[in-house]
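Coordinates from coords20.cif are shown below (mmCIF, C-alpha atoms and all ligand atoms).
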```cif
data_final
loop_
_atom_site.label_atom_id
_atom_site.label_comp_id
_atom_site.auth_asym_id
_atom_site.auth_seq_id
_atom_site.Cartn_x
_atom_site.Cartn_y
_atom_site.Cartn_z
CA MET A 956 0.00 0.00 0.00
CA LYS A 957 1.19 3.56 -0.63
CA ILE A 958 0.74 5.52 2.60
CA VAL A 959 1.28 9.23 3.14
CA THR A 960 2.02 10.03 6.79
CA ILE A 961 1.59 13.60 7.96
CA VAL A 962 3.53 14.98 10.91
CA GLY A 963 4.32 18.52 11.95
CA ALA A 964 4.63 18.96 15.70
CA ARG A 965 6.97 17.58 18.33
CA PRO A 966 4.73 14.83 19.80
CA GLN A 967 4.00 13.51 16.31
CA PHE A 968 7.67 12.98 15.56
CA ILE A 969 7.91 10.80 18.68
CA LYS A 970 4.80 8.80 17.76
CA CYS A 971 5.73 8.24 14.12
CA ALA A 972 9.22 6.86 14.87
CA PRO A 973 8.16 3.34 15.99
CA LEU A 974 5.22 3.07 13.58
CA SER A 975 7.24 4.16 10.53
CA ARG A 976 9.72 1.37 11.30
CA GLU A 977 6.89 -1.19 11.26
CA LEU A 978 5.01 0.22 8.27
CA ARG A 979 8.06 0.30 6.03
CA LYS A 980 8.47 -3.48 6.36
CA LYS A 981 5.50 -4.06 4.05
CA HIS A 982 4.32 -0.72 2.68
CA THR A 983 5.66 2.31 0.89
CA GLU A 984 5.49 5.27 3.25
CA LEU A 985 6.00 8.88 2.21
CA LEU A 986 6.58 11.25 5.09
CA VAL A 987 5.20 14.80 4.93
CA HIS A 988 6.50 17.31 7.51
CA THR A 989 4.19 20.31 7.57
CA GLY A 990 6.74 22.57 9.27
CA GLN A 991 4.34 23.52 12.12
CA HIS A 992 7.37 23.02 14.35
CA TYR A 993 10.55 24.08 12.62
CA ASP A 994 13.29 24.86 15.17
CA LEU A 995 16.31 22.69 15.82
CA GLU A 996 14.97 22.14 19.36
CA MET A 997 11.35 21.50 18.36
CA SER A 998 11.92 19.42 15.23
CA ASP A 999 15.39 18.50 13.91
CA ILE A 1000 16.68 16.95 17.12
CA PHE A 1001 13.81 14.43 17.13
CA PHE A 1002 14.53 13.29 13.58
CA GLU A 1003 18.19 12.79 14.46
CA GLU A 1004 17.77 11.07 17.83
CA LEU A 1005 14.88 8.82 16.83
CA HIS A 1006 16.30 7.99 13.40
CA ILE A 1007 13.12 9.09 11.68
CA PRO A 1008 13.43 8.89 7.90
CA LYS A 1009 14.04 12.22 6.19
CA PRO A 1010 10.70 13.75 5.14
CA ASP A 1011 9.83 13.32 1.47
CA TYR A 1012 8.03 16.67 1.58
CA TYR A 1013 8.71 19.64 3.85
CA LEU A 1014 5.86 22.14 3.60
CA GLY A 1015 7.40 24.92 5.71
CA VAL A 1016 4.12 26.41 6.96
CA GLY A 1017 5.63 27.80 10.18
CA SER A 1018 3.71 29.61 12.91
CA GLY A 1019 0.52 31.62 12.59
CA SER A 1020 -3.01 31.93 13.91
CA HIS A 1021 -4.93 28.66 14.06
CA GLY A 1022 -6.99 29.43 10.97
CA LYS A 1023 -4.01 30.54 8.89
CA GLN A 1024 -1.82 27.66 9.97
CA THR A 1025 -4.54 25.04 9.42
CA GLY A 1026 -5.52 26.58 6.08
CA LYS A 1027 -1.94 26.69 4.80
CA ILE A 1028 -1.37 23.05 5.73
CA LEU A 1029 -4.67 22.03 4.10
CA ALA A 1030 -3.75 23.67 0.80
CA LYS A 1031 -0.20 22.34 0.73
CA VAL A 1032 -1.09 18.77 1.77
CA GLU A 1033 -3.78 18.70 -0.92
CA GLU A 1034 -1.15 19.40 -3.59
CA VAL A 1035 1.01 16.53 -2.31
CA LEU A 1036 -1.93 14.12 -2.21
CA ILE A 1037 -3.07 15.01 -5.73
CA LYS A 1038 0.45 14.36 -6.98
CA GLU A 1039 1.18 11.19 -4.99
CA LYS A 1040 -2.29 9.55 -5.04
CA PRO A 1041 -1.75 7.44 -1.90
CA GLU A 1042 -4.14 4.68 -0.86
CA LEU A 1043 -4.15 5.86 2.76
CA VAL A 1044 -3.28 8.98 4.73
CA LEU A 1045 -2.06 8.50 8.30
CA VAL A 1046 -2.30 11.25 10.91
CA TYR A 1047 -1.36 11.39 14.59
CA GLY A 1048 -2.84 13.04 17.64
CA ASP A 1049 -4.62 16.37 17.78
CA THR A 1050 -2.62 19.23 16.31
CA ASN A 1051 -3.49 21.60 13.50
CA SER A 1052 -1.34 19.38 11.24
CA THR A 1053 -3.55 16.40 12.18
CA LEU A 1054 -6.83 18.08 11.28
CA ALA A 1055 -5.57 19.74 8.12
CA GLY A 1056 -3.95 16.53 6.87
CA ALA A 1057 -7.07 14.46 7.53
CA LEU A 1058 -9.34 17.06 5.94
CA ALA A 1059 -7.24 17.34 2.78
CA ALA A 1060 -7.39 13.53 2.38
CA ALA A 1061 -11.10 13.16 3.18
CA LYS A 1062 -12.03 15.81 0.61
CA LEU A 1063 -10.09 13.87 -2.02
CA HIS A 1064 -11.84 10.63 -0.92
CA ILE A 1065 -8.59 9.13 0.30
CA PRO A 1066 -9.11 6.92 3.39
CA VAL A 1067 -7.76 8.39 6.62
CA ALA A 1068 -6.22 6.48 9.54
CA HIS A 1069 -6.03 8.31 12.86
CA VAL A 1070 -3.50 7.17 15.45
CA GLU A 1071 -4.52 8.22 18.99
CA ALA A 1072 -8.21 8.35 18.14
CA GLY A 1073 -11.11 8.76 20.54
CA LEU A 1074 -9.51 10.95 23.18
CA ARG A 1075 -11.61 13.73 24.65
CA SER A 1076 -11.08 16.42 27.26
CA PHE A 1077 -14.69 17.61 26.73
CA ASP A 1078 -13.32 21.13 26.69
CA ARG A 1079 -14.03 22.80 23.37
CA THR A 1080 -11.99 25.87 24.29
CA MET A 1081 -8.88 23.75 23.63
CA PRO A 1082 -7.78 23.86 19.99
CA GLU A 1083 -6.73 20.21 20.33
CA GLU A 1084 -10.27 19.12 21.28
CA ILE A 1085 -11.70 20.62 18.08
CA ASN A 1086 -8.93 18.92 16.09
CA ARG A 1087 -9.60 15.53 17.74
CA VAL A 1088 -13.35 15.53 17.29
CA LEU A 1089 -13.26 16.64 13.66
CA THR A 1090 -10.41 14.28 12.73
CA ASP A 1091 -12.18 11.29 14.26
CA HIS A 1092 -15.37 12.07 12.37
CA ILE A 1093 -13.62 12.05 8.98
CA SER A 1094 -11.39 9.04 9.67
CA ASP A 1095 -11.96 5.55 8.28
CA LEU A 1096 -9.60 3.74 10.60
CA LEU A 1097 -9.44 4.81 14.23
CA PHE A 1098 -6.61 3.42 16.33
CA CYS A 1099 -7.44 4.00 20.00
CA PRO A 1100 -4.79 3.79 22.70
CA THR A 1101 -7.32 3.10 25.48
CA GLN A 1102 -10.77 1.59 26.05
CA THR A 1103 -11.89 5.10 27.06
CA GLY A 1104 -11.14 6.18 23.49
CA ILE A 1105 -13.35 3.39 22.12
CA ASP A 1106 -16.16 4.36 24.52
CA ASN A 1107 -15.92 8.05 23.60
CA LEU A 1108 -16.22 7.23 19.90
CA ALA A 1109 -19.21 4.96 20.53
CA GLN A 1110 -20.91 7.84 22.38
CA GLU A 1111 -20.52 9.90 19.19
CA GLY A 1112 -21.86 7.08 17.01
CA ILE A 1113 -18.48 6.02 15.58
CA LYS A 1114 -18.26 2.24 15.72
CA SER A 1115 -16.84 0.97 12.47
CA GLY A 1116 -13.12 0.96 11.70
CA VAL A 1117 -12.37 1.36 15.41
CA HIS A 1118 -9.50 -0.69 16.91
CA LEU A 1119 -8.03 -0.87 20.40
CA THR A 1120 -4.29 -0.98 19.73
CA GLY A 1121 -2.60 0.39 22.84
CA ASP A 1122 -0.36 3.42 22.68
CA VAL A 1123 2.52 3.90 20.27
CA MET A 1124 4.19 6.13 22.86
CA VAL A 1125 4.79 3.00 24.95
CA ASP A 1126 6.84 1.63 22.05
CA ALA A 1127 8.76 4.89 21.67
CA LEU A 1128 9.53 5.00 25.38
CA GLU A 1129 10.53 1.36 25.74
CA TYR A 1130 12.70 1.50 22.63
CA ASN A 1131 14.59 4.58 23.83
CA ARG A 1132 14.74 4.22 27.59
CA GLU A 1133 18.08 2.44 27.81
CA ILE A 1134 19.51 4.52 24.99
CA ALA A 1135 18.58 7.63 26.98
CA GLU A 1136 20.35 6.30 30.08
CA GLU A 1137 23.47 5.71 28.02
CA LYS A 1138 23.53 8.83 25.89
CA SER A 1139 21.88 11.63 27.86
CA ARG A 1140 24.05 13.70 30.22
CA ILE A 1141 21.18 15.88 31.41
CA LEU A 1142 21.47 15.01 35.13
CA GLU A 1143 25.19 15.76 35.05
CA ARG A 1144 24.64 19.00 33.11
CA PHE A 1145 22.42 20.42 35.87
CA ALA A 1146 24.09 18.51 38.76
CA LEU A 1147 20.82 16.78 39.64
CA VAL A 1148 20.47 14.12 42.31
CA PRO A 1149 17.97 11.41 41.19
CA GLY A 1150 14.67 11.57 43.07
CA SER A 1151 15.27 15.04 44.47
CA TYR A 1152 14.06 17.47 41.80
CA LEU A 1153 10.89 18.44 39.96
CA VAL A 1154 10.44 18.71 36.20
CA VAL A 1155 7.96 21.26 34.86
CA THR A 1156 6.70 22.05 31.37
CA VAL A 1157 4.00 24.54 30.38
CA HIS A 1158 2.87 25.35 26.86
CA ARG A 1159 -0.95 25.27 26.71
CA PRO A 1160 -2.54 28.59 25.75
CA SER A 1161 -4.86 28.27 28.81
CA ASN A 1162 -1.74 28.81 30.93
CA THR A 1163 0.71 30.71 28.75
CA ASP A 1164 -1.82 33.28 27.57
CA ASN A 1165 -2.85 34.16 31.14
CA ARG A 1166 -0.38 36.21 33.20
CA GLU A 1167 -2.06 35.29 36.53
CA HIS A 1168 -1.81 31.57 35.73
CA MET A 1169 1.88 31.82 34.92
CA GLU A 1170 2.52 33.89 38.05
CA ALA A 1171 0.68 31.37 40.24
CA ILE A 1172 2.56 28.41 38.75
CA LEU A 1173 5.98 30.08 39.08
CA SER A 1174 5.29 31.32 42.63
CA ALA A 1175 4.20 27.85 43.77
CA LEU A 1176 7.33 26.33 42.24
CA GLY A 1177 9.47 28.98 43.90
CA ARG A 1178 7.79 28.43 47.28
CA SER A 1179 8.30 24.63 47.06
CA GLY A 1180 12.00 25.23 47.70
CA LYS A 1181 12.87 22.20 45.55
CA ARG A 1182 15.16 22.25 42.55
CA VAL A 1183 12.94 22.61 39.51
CA VAL A 1184 14.07 21.97 35.94
CA PHE A 1185 11.96 23.90 33.44
CA PRO A 1186 12.62 23.10 29.75
CA ILE A 1187 10.82 25.98 28.16
CA HIS A 1188 8.68 25.91 25.00
CA PRO A 1189 9.31 28.89 22.66
CA ARG A 1190 5.71 30.08 23.14
CA THR A 1191 6.14 30.08 26.93
CA ARG A 1192 9.46 31.92 26.77
CA LYS A 1193 7.87 34.64 24.70
CA CYS A 1194 4.89 34.99 27.05
CA LEU A 1195 7.06 35.12 30.19
CA SER A 1196 9.24 37.72 28.52
CA ASP A 1197 6.16 39.81 27.58
CA TYR A 1198 4.87 39.58 31.18
CA GLY A 1199 8.27 40.64 32.57
CA LEU A 1200 8.48 37.33 34.47
CA LEU A 1201 11.52 35.86 32.72
CA ASP A 1202 14.11 37.93 34.58
CA THR A 1203 12.50 37.46 37.98
CA LEU A 1204 12.21 33.67 38.05
CA PRO A 1205 12.62 32.15 41.54
CA ALA A 1206 16.24 31.10 42.12
CA ASN A 1207 15.40 27.38 42.52
CA ILE A 1208 14.08 27.19 38.94
CA ILE A 1209 16.64 26.02 36.38
CA LEU A 1210 15.52 27.23 32.97
CA SER A 1211 16.63 25.24 29.95
CA GLU A 1212 15.90 25.31 26.25
CA SER A 1213 13.31 22.75 24.99
CA LEU A 1214 14.98 19.37 25.26
CA GLY A 1215 15.22 16.46 22.86
CA TYR A 1216 13.51 13.14 23.57
CA LEU A 1217 16.47 11.31 25.13
CA ASP A 1218 17.29 14.11 27.59
CA MET A 1219 13.62 14.47 28.44
CA ILE A 1220 13.09 10.77 29.16
CA ARG A 1221 16.14 10.58 31.42
CA LEU A 1222 15.19 13.81 33.17
CA MET A 1223 11.64 12.58 33.80
CA ALA A 1224 12.63 9.04 34.78
CA HIS A 1225 14.69 10.30 37.73
CA ALA A 1226 12.42 13.15 38.84
CA GLU A 1227 10.64 13.15 42.18
CA LYS A 1228 7.52 14.59 40.57
CA ILE A 1229 6.48 16.02 37.21
CA LEU A 1230 4.30 19.10 36.72
CA THR A 1231 2.93 19.63 33.24
CA ASP A 1232 0.07 20.71 31.01
CA SER A 1233 1.24 18.38 28.22
CA GLY A 1234 -0.83 15.32 27.35
CA GLY A 1235 2.13 13.16 26.37
CA MET A 1236 4.07 13.86 29.56
CA GLN A 1237 1.14 12.74 31.75
CA LYS A 1238 1.40 9.39 30.01
CA GLU A 1239 5.18 9.26 30.17
CA ALA A 1240 5.12 10.08 33.89
CA TYR A 1241 2.75 7.15 34.43
CA LEU A 1242 4.86 4.79 32.36
CA LEU A 1243 8.01 5.90 34.20
CA ASN A 1244 6.36 5.52 37.66
CA VAL A 1245 6.69 9.21 38.52
CA PRO A 1246 3.72 11.02 40.12
CA CYS A 1247 2.29 13.75 37.91
CA ILE A 1248 0.68 17.06 38.84
CA THR A 1249 -1.30 18.27 35.84
CA LEU A 1250 -1.58 22.04 35.40
CA ARG A 1251 -5.00 21.78 33.76
CA GLU A 1252 -8.63 21.50 34.84
CA ASN A 1253 -9.22 18.37 32.73
CA THR A 1254 -7.35 15.58 30.99
CA GLU A 1255 -7.83 13.10 28.16
CA TRP A 1256 -5.83 10.55 30.17
CA VAL A 1257 -8.46 10.04 32.86
CA GLU A 1258 -7.13 6.58 33.73
CA THR A 1259 -3.92 8.06 35.16
CA VAL A 1260 -6.01 10.14 37.58
CA LYS A 1261 -8.30 7.22 38.56
CA ASP A 1262 -5.20 5.13 39.15
CA GLY A 1263 -3.77 7.65 41.62
CA TRP A 1264 -0.69 8.66 39.61
CA ASN A 1265 -1.96 12.00 38.34
CA VAL A 1266 -3.83 14.89 39.93
CA LEU A 1267 -5.49 17.88 38.24
CA VAL A 1268 -4.69 21.22 39.84
CA GLY A 1269 -5.22 23.82 37.10
CA ALA A 1270 -3.13 26.89 37.85
CA ASP A 1271 -4.16 27.10 41.50
CA TYR A 1272 -1.21 28.24 43.66
CA PHE A 1273 -2.33 26.41 46.82
CA MET A 1274 -3.27 23.17 45.07
CA ILE A 1275 0.03 23.07 43.19
CA LEU A 1276 2.00 23.64 46.38
CA SER A 1277 -0.05 21.13 48.34
CA GLU A 1278 0.35 18.39 45.71
CA ILE A 1279 4.10 18.99 45.43
CA VAL A 1280 4.17 17.96 49.09
CA ASN A 1281 1.38 15.38 49.14
CA ILE A 1282 1.13 13.37 45.92
CA LYS A 1283 2.85 10.05 46.41
CA SER A 1284 3.39 7.08 44.12
CA SER A 1285 0.43 4.79 44.38
CA LYS A 1286 1.30 1.10 44.18
CA ARG A 1287 -1.72 0.04 42.14
CA LYS A 1288 -1.20 0.29 38.39
CA ILE A 1289 -3.51 -1.14 35.80
CA GLY A 1290 -1.32 -0.55 32.73
CA VAL A 1291 -3.89 1.48 30.86
CA PHE A 1292 -1.81 2.20 27.80
CA GLY A 1293 -1.41 -1.43 26.81
CA THR A 1294 1.76 -3.43 26.43
CA ILE A 1295 4.60 -2.70 24.07
CA GLY A 1296 3.67 -3.46 20.44
CA ALA A 1297 0.97 -0.93 19.50
CA SER A 1298 2.96 -0.05 16.36
CA ARG A 1299 3.09 -3.69 15.31
CA ARG A 1300 -0.63 -4.13 16.04
CA ILE A 1301 -1.47 -1.11 13.87
CA ALA A 1302 0.80 -2.36 11.09
CA ASP A 1303 -0.85 -5.81 11.31
CA ILE A 1304 -4.29 -4.26 10.89
CA LEU A 1305 -3.09 -2.28 7.88
CA ASN A 1306 -1.48 -5.41 6.42
CA SER A 1307 -4.72 -7.34 6.72
CA ILE A 1308 -7.26 -4.85 5.39
CA LYS A 1309 -8.14 -4.20 1.82
CA ILE A 1310 -8.65 -0.53 1.04
CA CYS A 1311 -10.71 0.27 -2.02
C1 LIG B 1401 1.27 22.42 19.22
C2 LIG B 1401 -0.06 21.67 19.30
C3 LIG B 1401 -0.21 21.06 20.68
C4 LIG B 1401 1.00 20.21 21.05
C5 LIG B 1401 2.25 21.07 20.91
C6 LIG B 1401 3.50 20.33 21.25
C7 LIG B 1401 -1.89 22.66 17.95
C8 LIG B 1401 -3.17 23.37 18.01
N1 LIG B 1401 -1.20 22.58 19.11
O1 LIG B 1401 1.20 23.51 20.11
O2 LIG B 1401 -1.35 20.23 20.68
O3 LIG B 1401 0.87 19.76 22.38
O4 LIG B 1401 2.32 21.54 19.56
O5 LIG B 1401 4.57 21.22 21.43
O6 LIG B 1401 -1.53 22.16 16.92
N2 LIG B 1401 7.34 28.07 17.92
C9 LIG B 1401 8.69 28.26 17.74
N3 LIG B 1401 9.40 27.27 17.11
C10 LIG B 1401 8.81 26.15 16.63
C11 LIG B 1401 7.42 25.99 16.80
C12 LIG B 1401 6.72 26.96 17.45
O7 LIG B 1401 9.28 29.25 18.16
O8 LIG B 1401 9.51 25.30 16.06
C13 LIG B 1401 6.58 29.10 18.65
C14 LIG B 1401 5.98 30.13 17.77
O9 LIG B 1401 6.09 31.35 18.44
C15 LIG B 1401 4.53 29.72 17.69
C16 LIG B 1401 4.29 29.06 19.04
O10 LIG B 1401 5.54 28.46 19.38
O11 LIG B 1401 3.71 30.80 17.46
C17 LIG B 1401 3.22 28.02 19.02
O12 LIG B 1401 3.53 26.98 18.12
P1 LIG B 1401 2.35 26.08 17.47
O13 LIG B 1401 2.91 24.98 16.69
O14 LIG B 1401 1.35 26.93 16.80
O15 LIG B 1401 1.63 25.46 18.72
P2 LIG B 1401 2.20 24.74 20.02
O16 LIG B 1401 1.94 25.64 21.14
O17 LIG B 1401 3.60 24.22 19.88
#
```
Please render this file's structure as structure tokens.
Amino acid sequence: MKIVTIVGARPQFIKCAPLSRELRKKHTELLVHTGQHYDLEMSDIFFEELHIPKPDYYLGVGSGSHGKQTGKILAKVEEVLIKEKPELVLVYGDTNSTLAGALAAAKLHIPVAHVEAGLRSFDRTMPEEINRVLTDHISDLLFCPTQTGIDNLAQEGIKSGVHLTGDVMVDALEYNREIAEEKSRILERFALVPGSYLVVTVHRPSNTDNREHMEAILSALGRSGKRVVFPIHPRTRKCLSDYGLLDTLPANIILSESLGYLDMIRLMAHAEKILTDSGGMQKEAYLLNVPCITLRENTEWVETVKDGWNVLVGADYFMILSEIVNIKSSKRKIGVFGTIGASRRIADILNSIKIC
């Protein structure tokens, strides 16, 4: 089968690495990089570290408002699809690249496969929620990482083409965990003692675009007195700079550039606790047995909360501070993201189906 895979943002590079390896055993895959993320730190480092094949097309759309960015990707992906005439288009997750890629394919009557289907935060103010819902409704094959994903789709009347595959991020993590221990020098770089520091990331507009939220988060981190490593997303750096908060960060916060995957895994694996508004990091914290404090009011990964490894605190100063002290590793773990092998399971499904 000729498959066009569309990626564009950091988490998609991570997800496509293990699946590309599997797909290329039996299919022809063309990789399209939309250029939504374009920096060395946000894009190139992932291709290098994860040995992702060089993109066949680089669309260079760059940053912009949601409408402009989505529209540009839609127009450019359409040109590629008309030229290449693939039998399937594969998209990942919930970014503007996901929606635009799926929409371009659906309008050309090319079947769409969505990896990480069925997730919902039930919060339509999040751009990702709009992207997820719309992508699922125009997809022909829906690969769900969790049973919750299957149930959410059923609630919306989507029942055919739905498969429970487990999560490809488990494959990415397992494949790279030992490599990260060997190659990353991140603990040494910041003189970190395993189990004694916090890792924080913030990039969601609900936090970055609200000065009070950023102030509350930074003050709570400062008050915790712990060493805090803060790899900063370019959007967050810009916002903190605009708010005048960048030069007055509490002294216990170690600011770093956005990190590559190997540094990030090693940093997270040895952290005492992780604070984040990222979806992927909530999962990675769970898989690495590190308690997670989620700087959001809701999550798509509800199982991690039910299981006692994740707690939702929004940007509430007192709740953040209290959970930094109180959240402990719970012993019970139900392995919600499935076992290693989601990439192989997805490839097996694609090997066995006939697309017309
Ligand atoms: C996007 C996804 C989000 C995902 C995140 C991972 C959407 C709607 N959001 O958010 O779901 O969790 O990626 O990081 O698709 N920028 C750079 N260099 C880059 C890329 C971005 O400096 O390489 C800056 C630009 O100022 C840009 C801002 O970051 O305006 C936001 O980038 P964008 O890709 O639009 O969204 P993210 O916040 O990264």
Residue nearest ligand LIG 1401 (chain B) - candidates A:Glu984, A:Asp999, A:Glu1137, A:Asp1122, atoms counted: all atoms listed in the file: A:Asp999
Counting only C-alpha atoms, which residues sit no farther than 9 Å from the position (-9.7, 11.7, 26.9) in the file's frame? I'd like them as a PDB file with C-alpha atoms, in the coordinates of the input.
```
ATOM      1  CA  GLY A1073     -11.110   8.760  20.540  1.00  0.00           C
ATOM      2  CA  LEU A1074      -9.510  10.950  23.180  1.00  0.00           C
ATOM      3  CA  ARG A1075     -11.610  13.730  24.650  1.00  0.00           C
ATOM      4  CA  SER A1076     -11.080  16.420  27.260  1.00  0.00           C
ATOM      5  CA  PHE A1077     -14.690  17.610  26.730  1.00  0.00           C
ATOM      6  CA  THR A1103     -11.890   5.100  27.060  1.00  0.00           C
ATOM      7  CA  GLY A1104     -11.140   6.180  23.490  1.00  0.00           C
ATOM      8  CA  ASN A1107     -15.920   8.050  23.600  1.00  0.00           C
ATOM      9  CA  ASN A1253      -9.220  18.370  32.730  1.00  0.00           C
ATOM     10  CA  THR A1254      -7.350  15.580  30.990  1.00  0.00           C
ATOM     11  CA  GLU A1255      -7.830  13.100  28.160  1.00  0.00           C
ATOM     12  CA  TRP A1256      -5.830  10.550  30.170  1.00  0.00           C
ATOM     13  CA  VAL A1257      -8.460  10.040  32.860  1.00  0.00           C
ATOM     14  CA  GLU A1258      -7.130   6.580  33.730  1.00  0.00           C
TER      15      GLU A1258
END
```
Mind listing the residues within 8 Å of ligand LIG 1401 (chain B), all atoms listed in the file counted, as a PyMOL selection string? chain A and resi 964-966+990-998+1017-1021+1024+1048-1053+1082-1083+1086+1158-1160+1188-1191+1193+1233-1235
What does the distance between CA of Val1123 (chain A) and CA of Ile1141 (chain A) come to in Å, to one decimal place? 24.8 Å
Counting all atoms listed in the file, figure out which residue out of A:Ser1151, A:Thr1294, A:Ser1139, A:Ser1174 gets nearest to Ile1275 (chain A). A:Ser1174
For region 1207-1218 of chain A, list every protein, DNA or RNA residue within 9 Å, evaluated using all atoms listed in the file, and leave out those in the same chain fewer than 2 positions away; present the list as a count of residues only. 39
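For the set A:Arg1079, A:Lys957, A:Lys1114, A:His1168, the residue with the smallest atom-to-atom gap to Ser1094 (chain A) is A:Lys1114, counting only C-alpha atoms.
For the pair CA of Ile1113 (chain A) and CA of Met956 (chain A), the interatomic distance is 24.9 Å.
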Could you tell me which of A:Leu1250, A:Ile1289, A:Leu1305, A:Ala1068 comes closest to Asp1091 (chain A) if we count all atoms listed in the file? A:Ala1068
Give the answer as one residue: which of A:His1006, A:His1225, A:Lys1309, A:Lys980 has the shortest atom-to-atom distance to Leu1147 (chain A), using all atoms listed in the file? A:His1225
Shell around Arg1299 (chain A) at 10 Å using only C-alpha atoms, local window under 3 positions removed, as a PyMOL selection string: chain A and resi 973-974+976-978+1120+1123+1126+1295-1296+1302-1305
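Within a radius of 6 Å around (5.6, 9.2, 25.4), the polymer residues are Met1124, Leu1128, Gly1235 and Glu1239 of chain A, counting all atoms listed in the file.
With CA of Gln1110 (chain A) on one side and CA of Ala1060 (chain A) on the other, the separation reads 24.8 Å.
With only C-alpha atoms as the atoms that count, the residue of A:Arg1087, A:His1069, A:Lys1009, A:Lys1238 with the shortest distance to Val1117 (chain A) is A:His1069.
Shell of Ala1226 (chain A) at 8 Å, with all atoms listed in the file counted and residues fewer than 4 places along the chain excluded, is Pro1149, Gly1150, Ser1151, Tyr1152, Leu1153, Val1154, Leu1222 and Val1245 of chain A.
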Start from the incomplete input, build N, CA, C and O atoms for region 973-984 of chain A, and deliver everything as a PDB file, keeping the file's coordinate frame.
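What landed in rebuild_35.pdb:
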```pdb
ATOM      1  N   PRO A 973       8.311   4.810  15.954  1.00  0.00           N
ATOM      2  CA  PRO A 973       8.160   3.340  15.990  1.00  0.00           C
ATOM      3  C   PRO A 973       7.218   2.807  14.906  1.00  0.00           C
ATOM      4  O   PRO A 973       7.440   1.722  14.371  1.00  0.00           O
ATOM      5  N   LEU A 974       6.197   3.576  14.561  1.00  0.00           N
ATOM      6  CA  LEU A 974       5.220   3.070  13.580  1.00  0.00           C
ATOM      7  C   LEU A 974       5.811   3.087  12.161  1.00  0.00           C
ATOM      8  O   LEU A 974       5.581   2.153  11.383  1.00  0.00           O
ATOM      9  N   SER A 975       6.589   4.106  11.843  1.00  0.00           N
ATOM     10  CA  SER A 975       7.240   4.160  10.530  1.00  0.00           C
ATOM     11  C   SER A 975       8.116   2.923  10.317  1.00  0.00           C
ATOM     12  O   SER A 975       8.121   2.332   9.249  1.00  0.00           O
ATOM     13  N   ARG A 976       8.849   2.567  11.396  1.00  0.00           N
ATOM     14  CA  ARG A 976       9.720   1.370  11.300  1.00  0.00           C
ATOM     15  C   ARG A 976       8.905   0.144  10.910  1.00  0.00           C
ATOM     16  O   ARG A 976       9.298  -0.645  10.060  1.00  0.00           O
ATOM     17  N   GLU A 977       7.739  -0.020  11.545  1.00  0.00           N
ATOM     18  CA  GLU A 977       6.890  -1.190  11.260  1.00  0.00           C
ATOM     19  C   GLU A 977       6.264  -1.100   9.874  1.00  0.00           C
ATOM     20  O   GLU A 977       6.253  -2.077   9.135  1.00  0.00           O
ATOM     21  N   LEU A 978       5.731   0.069   9.547  1.00  0.00           N
ATOM     22  CA  LEU A 978       5.010   0.220   8.270  1.00  0.00           C
ATOM     23  C   LEU A 978       5.910  -0.063   7.079  1.00  0.00           C
ATOM     24  O   LEU A 978       5.492  -0.653   6.093  1.00  0.00           O
ATOM     25  N   ARG A 979       7.158   0.391   7.187  1.00  0.00           N
ATOM     26  CA  ARG A 979       8.060   0.300   6.030  1.00  0.00           C
ATOM     27  C   ARG A 979       8.502  -1.142   5.735  1.00  0.00           C
ATOM     28  O   ARG A 979       9.121  -1.396   4.711  1.00  0.00           O
ATOM     29  N   LYS A 980       8.149  -2.081   6.649  1.00  0.00           N
ATOM     30  CA  LYS A 980       8.470  -3.480   6.360  1.00  0.00           C
ATOM     31  C   LYS A 980       7.626  -4.004   5.202  1.00  0.00           C
ATOM     32  O   LYS A 980       8.046  -4.856   4.460  1.00  0.00           O
ATOM     33  N   LYS A 981       6.379  -3.503   5.083  1.00  0.00           N
ATOM     34  CA  LYS A 981       5.500  -4.060   4.050  1.00  0.00           C
ATOM     35  C   LYS A 981       4.889  -3.017   3.110  1.00  0.00           C
ATOM     36  O   LYS A 981       4.235  -3.379   2.136  1.00  0.00           O
ATOM     37  N   HIS A 982       5.009  -1.753   3.470  1.00  0.00           N
ATOM     38  CA  HIS A 982       4.320  -0.720   2.680  1.00  0.00           C
ATOM     39  C   HIS A 982       5.311   0.342   2.226  1.00  0.00           C
ATOM     40  O   HIS A 982       6.402   0.455   2.762  1.00  0.00           O
ATOM     41  N   THR A 983       4.853   1.160   1.277  1.00  0.00           N
ATOM     42  CA  THR A 983       5.660   2.310   0.890  1.00  0.00           C
ATOM     43  C   THR A 983       5.111   3.509   1.660  1.00  0.00           C
ATOM     44  O   THR A 983       3.942   3.853   1.507  1.00  0.00           O
ATOM     45  N   GLU A 984       5.953   4.103   2.480  1.00  0.00           N
ATOM     46  CA  GLU A 984       5.490   5.270   3.250  1.00  0.00           C
ATOM     47  C   GLU A 984       6.209   6.524   2.761  1.00  0.00           C
ATOM     48  O   GLU A 984       7.442   6.546   2.634  1.00  0.00           O
TER      49      GLU A 984
END
```
